[in-house]
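Below is one structure, written out as structure tokens; the observations come after it.
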Amino acid sequence: MASLLEYSAGPGRLRDDRLVRGTDGLLRYTGLTSSLTELLDVAAHRFGSREAVVEVGGARLTHAQLWTSASRVAGGLLQQGIDIGDRVAIRMPNGARWVQAFLGVLLAGGVPVPIHPGHGVEETRHIMADSGSVLVLDGELPQGVPFIDDGAGPDDSALLFYTGGTTGPPKGVELCHENVLSTIEAVIRAWDLDVGAAGAVGGVRHAIALPLSSAAGCVSQLLPTLVVGGTVVLQSHADVGGLLHALDVERVERLSVAAPLYRQMVRAPGREFDAVRFLALDDEPLSTPMLRRLRDRFPAADVASGWAMTETGGAGLIQRVGAASGDDHLLESPHGGMEFAVAESDPGIGELWCRGPSVMRGYWGDPATTARTTVGGWLHTGDVMRVGRNGSFRIAGRAGDAVEFPGGVVYSREVEVALLECPGVSEAAVVGVTTAGGPDLGVAVVRESGADVGLDTVREHVRAVLSGYRPSRRLCASVPMLPRTSTGRVDRRSVRSWLQGVHGSPGFCSTTKGYVDVG
């Protein structure tokens, strides 16, 4: 049974009088342009002389230059036979060329299909085949007579993103123009910016160290920055020293960064960066010592994380890290138009459902999965939340990450959050494993540099969380780094296979002996 939470808009700046409830029960924005292309065209002409894209060590383009170059790419695509609605894959690292390719596909009337450059051959082939992409842009961009198609409508397909594939093959997520425009509008309101108002001369300067091939990097970071006349600062490859230098010389005010990179940033030598006013993190939990280091490195920055999915177009819930509530794991402020419900499995905990104008049209070419996942207008997210007394949420974990152990069932993330409070633990992964004695819980931790925390201490810390159950010595390991997928997520399947290997499966010692500490 799902109990709908009457979710307040939170701080006054997130309330929006442009939202009205439609006949389908969903909140929708009024006054949106008809298409993403039209919105970007207005911004390009309004802020033509401002810098739009800065690639570290590479190109610098104004909004006018970016728009003109993208229109030439569109013309080149038309010469290659691209038609309205054709899917065109983009597989290249972050940079000015990525933005030109993305905008060029839009201006040609096509549907961009971003592919993470770290995806392997099999994943790339799957996405190309599943999406029906007629072309992949992964090198020199086509050039032709400038062309702009502005005939798309709100319900037409705009973008096709693919999920990270952590629970199976990547799934195509179709976002229509209204979905994308709604996320852009909601994010700009959450940033508390009027279009063009940030920095009267040059607009907000935003370093994005998230993959633009993701909805989080593209729809909720890149596009809002361009729409308000700001500048995106991009790096084609992860180079901590280069990024820190760029923060300084490019006068960056906003920084969006994933967990692996911000951990490197706080450990790198150098001074503090007091020009950065806002630091947006991904949803991976961080320890109290890591938060302190972030604040030392960026003393003037508000720090925020949150919850969102590819299926929600990058919109969701905002978490103010280190807020006055004193709880750095509460999700309290929804993006505009997003409403939430919890299908309670027990009082105060259950699967999160959401609905709103940013929620996807559906899974590409998979109406059966769409019907199972989106029911009565509600997206069943697969994320389990605990509900606070004031209606706030705390992520318990993915429903698929529930871990059965001899003492009961627990969600991985809750144990990981607790482990990050164990002195000396920098990162943690908790997974369910299969042993000869039945299901059990396995733990892998990364120690802080120079820390001497022992695995028995880690096991005792887990026991305090699990009502007296302490994991087996053979299922607790200290490692130099956690395995990650091509998109930067912790690779739980590898951790599980690895720990089961410790417990006796063949092949473990040949690949890991000598650099892990196994309890």
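Here's how to read the names in the structure tokens: chain A, B, ... by the order shown, residue numbers from 1 in each chain, ligand numbers from 1 in the order shown.
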
Secondary structure check, strand (DSSP E) residues of stretch 38-168 of chain A, as a JSON list (two decimals) with C-alpha atoms, in the first residue's frame:
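part09.json, freshly written:
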```
[["chain", "number", "residue", "atom", "x", "y", "z"],
["A", 51, "GLU", "CA", 31.74, 32.86, -22.95],
["A", 52, "ALA", "CA", 29.70, 29.67, -23.17],
["A", 53, "VAL", "CA", 32.29, 26.87, -23.10],
["A", 54, "VAL", "CA", 35.86, 26.76, -21.86],
["A", 55, "GLU", "CA", 37.77, 23.53, -22.36],
["A", 60, "ARG", "CA", 37.04, 28.80, -25.79],
["A", 61, "LEU", "CA", 33.69, 29.65, -27.39],
["A", 62, "THR", "CA", 31.19, 32.43, -26.83],
["A", 87, "ARG", "CA", 18.89, 8.99, -33.29],
["A", 88, "VAL", "CA", 22.55, 10.01, -33.43],
["A", 89, "ALA", "CA", 25.00, 8.63, -30.87],
["A", 90, "ILE", "CA", 27.67, 10.84, -29.29],
["A", 111, "VAL", "CA", 17.69, 12.96, -31.05],
["A", 112, "PRO", "CA", 21.10, 12.86, -29.29],
["A", 113, "VAL", "CA", 22.05, 9.49, -27.74],
["A", 114, "PRO", "CA", 24.98, 10.21, -25.39],
["A", 135, "LEU", "CA", 25.37, 7.46, -36.91],
["A", 136, "VAL", "CA", 27.91, 7.81, -34.11],
["A", 137, "LEU", "CA", 29.88, 11.01, -33.60],
["A", 157, "SER", "CA", 11.41, 13.05, -28.31],
["A", 158, "ALA", "CA", 14.30, 15.29, -27.27],
["A", 159, "LEU", "CA", 17.03, 13.09, -25.73],
["A", 160, "LEU", "CA", 17.72, 9.40, -25.27],
["A", 161, "PHE", "CA", 19.96, 8.57, -22.30],
["A", 162, "TYR", "CA", 21.00, 5.11, -21.21]]
```

So which residues of stretch 118-239 of chain A fall under alpha helix (DSSP H) by DSSP, listed as a PyMOL selection string?
chain A and resi 121-131+177-190+215-217+223-227

For the residues in the current selection, export N, CA and C atoms as a tab-separated table (two decimals), in the first residue's frame.
```tsv
chain	number	residue	atom	x	y	z
A	121	VAL	N	33.18	-2.15	-25.65
A	121	VAL	CA	32.66	-2.45	-26.98
A	121	VAL	C	31.26	-3.05	-26.89
A	122	GLU	N	31.06	-3.99	-25.97
A	122	GLU	CA	29.76	-4.66	-25.88
A	122	GLU	C	28.66	-3.69	-25.47
A	123	GLU	N	28.93	-2.84	-24.47
A	123	GLU	CA	27.92	-1.88	-24.02
A	123	GLU	C	27.59	-0.90	-25.13
A	124	THR	N	28.64	-0.45	-25.85
A	124	THR	CA	28.42	0.52	-26.93
A	124	THR	C	27.59	-0.10	-28.04
A	125	ARG	N	27.92	-1.34	-28.41
A	125	ARG	CA	27.15	-2.02	-29.45
A	125	ARG	C	25.69	-2.19	-29.04
A	126	HIS	N	25.49	-2.53	-27.76
A	126	HIS	CA	24.11	-2.70	-27.28
A	126	HIS	C	23.34	-1.39	-27.41
A	127	ILE	N	23.94	-0.28	-26.98
A	127	ILE	CA	23.25	1.01	-27.03
A	127	ILE	C	22.98	1.42	-28.47
A	128	MET	N	23.96	1.23	-29.34
A	128	MET	CA	23.77	1.59	-30.75
A	128	MET	C	22.63	0.79	-31.36
A	129	ALA	N	22.61	-0.51	-31.09
A	129	ALA	CA	21.58	-1.36	-31.68
A	129	ALA	C	20.22	-1.08	-31.06
A	130	ASP	N	20.17	-0.95	-29.75
A	130	ASP	CA	18.89	-0.76	-29.06
A	130	ASP	C	18.25	0.57	-29.44
A	131	SER	N	19.07	1.60	-29.56
A	131	SER	CA	18.55	2.94	-29.87
A	131	SER	C	18.22	3.10	-31.35
A	177	HIS	N	10.68	16.91	-24.96
A	177	HIS	CA	11.11	18.30	-24.77
A	177	HIS	C	10.54	18.88	-23.48
A	178	GLU	N	9.29	18.58	-23.17
A	178	GLU	CA	8.72	19.11	-21.92
A	178	GLU	C	9.47	18.58	-20.71
A	179	ASN	N	9.86	17.29	-20.72
A	179	ASN	CA	10.66	16.75	-19.62
A	179	ASN	C	11.92	17.57	-19.40
A	180	VAL	N	12.65	17.80	-20.47
A	180	VAL	CA	13.94	18.49	-20.37
A	180	VAL	C	13.75	19.95	-19.97
A	181	LEU	N	12.81	20.62	-20.58
A	181	LEU	CA	12.54	22.03	-20.25
A	181	LEU	C	12.11	22.18	-18.80
A	182	SER	N	11.34	21.21	-18.30
A	182	SER	CA	10.88	21.28	-16.91
A	182	SER	C	12.05	21.13	-15.94
A	183	THR	N	12.97	20.21	-16.24
A	183	THR	CA	14.14	20.06	-15.37
A	183	THR	C	14.99	21.32	-15.38
A	184	ILE	N	15.21	21.89	-16.56
A	184	ILE	CA	15.99	23.12	-16.65
A	184	ILE	C	15.36	24.22	-15.81
A	185	GLU	N	14.06	24.40	-15.94
A	185	GLU	CA	13.35	25.44	-15.18
A	185	GLU	C	13.47	25.19	-13.68
A	186	ALA	N	13.29	23.92	-13.26
A	186	ALA	CA	13.34	23.59	-11.84
A	186	ALA	C	14.73	23.80	-11.27
A	187	VAL	N	15.75	23.44	-12.03
A	187	VAL	CA	17.13	23.59	-11.55
A	187	VAL	C	17.50	25.07	-11.42
A	188	ILE	N	17.12	25.86	-12.41
A	188	ILE	CA	17.42	27.30	-12.33
A	188	ILE	C	16.76	27.91	-11.11
A	189	ARG	N	15.52	27.52	-10.81
A	189	ARG	CA	14.85	28.01	-9.60
A	189	ARG	C	15.58	27.54	-8.34
A	190	ALA	N	16.03	26.29	-8.34
A	190	ALA	CA	16.75	25.78	-7.17
A	190	ALA	C	18.08	26.49	-6.98
A	215	ALA	N	22.32	12.13	-17.59
A	215	ALA	CA	21.27	13.15	-17.41
A	215	ALA	C	21.68	14.16	-16.35
A	216	ALA	N	22.37	13.68	-15.30
A	216	ALA	CA	22.80	14.60	-14.24
A	216	ALA	C	23.77	15.63	-14.78
A	217	GLY	N	24.73	15.21	-15.59
A	217	GLY	CA	25.72	16.14	-16.10
A	217	GLY	C	25.17	17.05	-17.19
A	223	LEU	N	22.91	22.24	-19.39
A	223	LEU	CA	21.87	23.03	-20.06
A	223	LEU	C	21.39	24.22	-19.24
A	224	PRO	N	21.12	24.08	-17.93
A	224	PRO	CA	20.73	25.28	-17.17
A	224	PRO	C	21.81	26.36	-17.19
A	225	THR	N	23.09	25.97	-17.17
A	225	THR	CA	24.16	26.96	-17.20
A	225	THR	C	24.13	27.75	-18.51
A	226	LEU	N	23.94	27.06	-19.63
A	226	LEU	CA	23.87	27.75	-20.92
A	226	LEU	C	22.64	28.64	-21.00
A	227	VAL	N	21.51	28.17	-20.47
A	227	VAL	CA	20.26	28.93	-20.56
A	227	VAL	C	20.34	30.24	-19.80
```

What is the distance between atom CA of A:Gly362 and atom CA of A:Asp149, in Å to one decimal?
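One can read the atom CA of A:Gly362 to atom CA of A:Asp149 distance as 24.4 Å.
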
For stretch 278-281 of chain A, work out the shell of residues within 7 Å, counting only C-alpha atoms and skipping chain neighbours fewer than 2 positions away, then give it as a PyMOL selection string.
chain A and resi 253-259+276+283+301-305

If we count only C-alpha atoms, what is near stretch 420-429 of chain A at a cut-off of 8 Å, once residues fewer than 4 positions away on the same chain are taken out, given as a count of residues only?
21

Provide the atom CA of A:Leu317 to atom CA of A:Ala418 distance in Å, to one decimal place.
21.8 Å

List the neighbours of A:Gly81 out to 12 Å using only C-alpha atoms; skip same-chain residues closer than 2 positions along the sequence, and give me the result as a ChimeraX atom specification.
/A:74-79,83-88,108-110,134-135,142
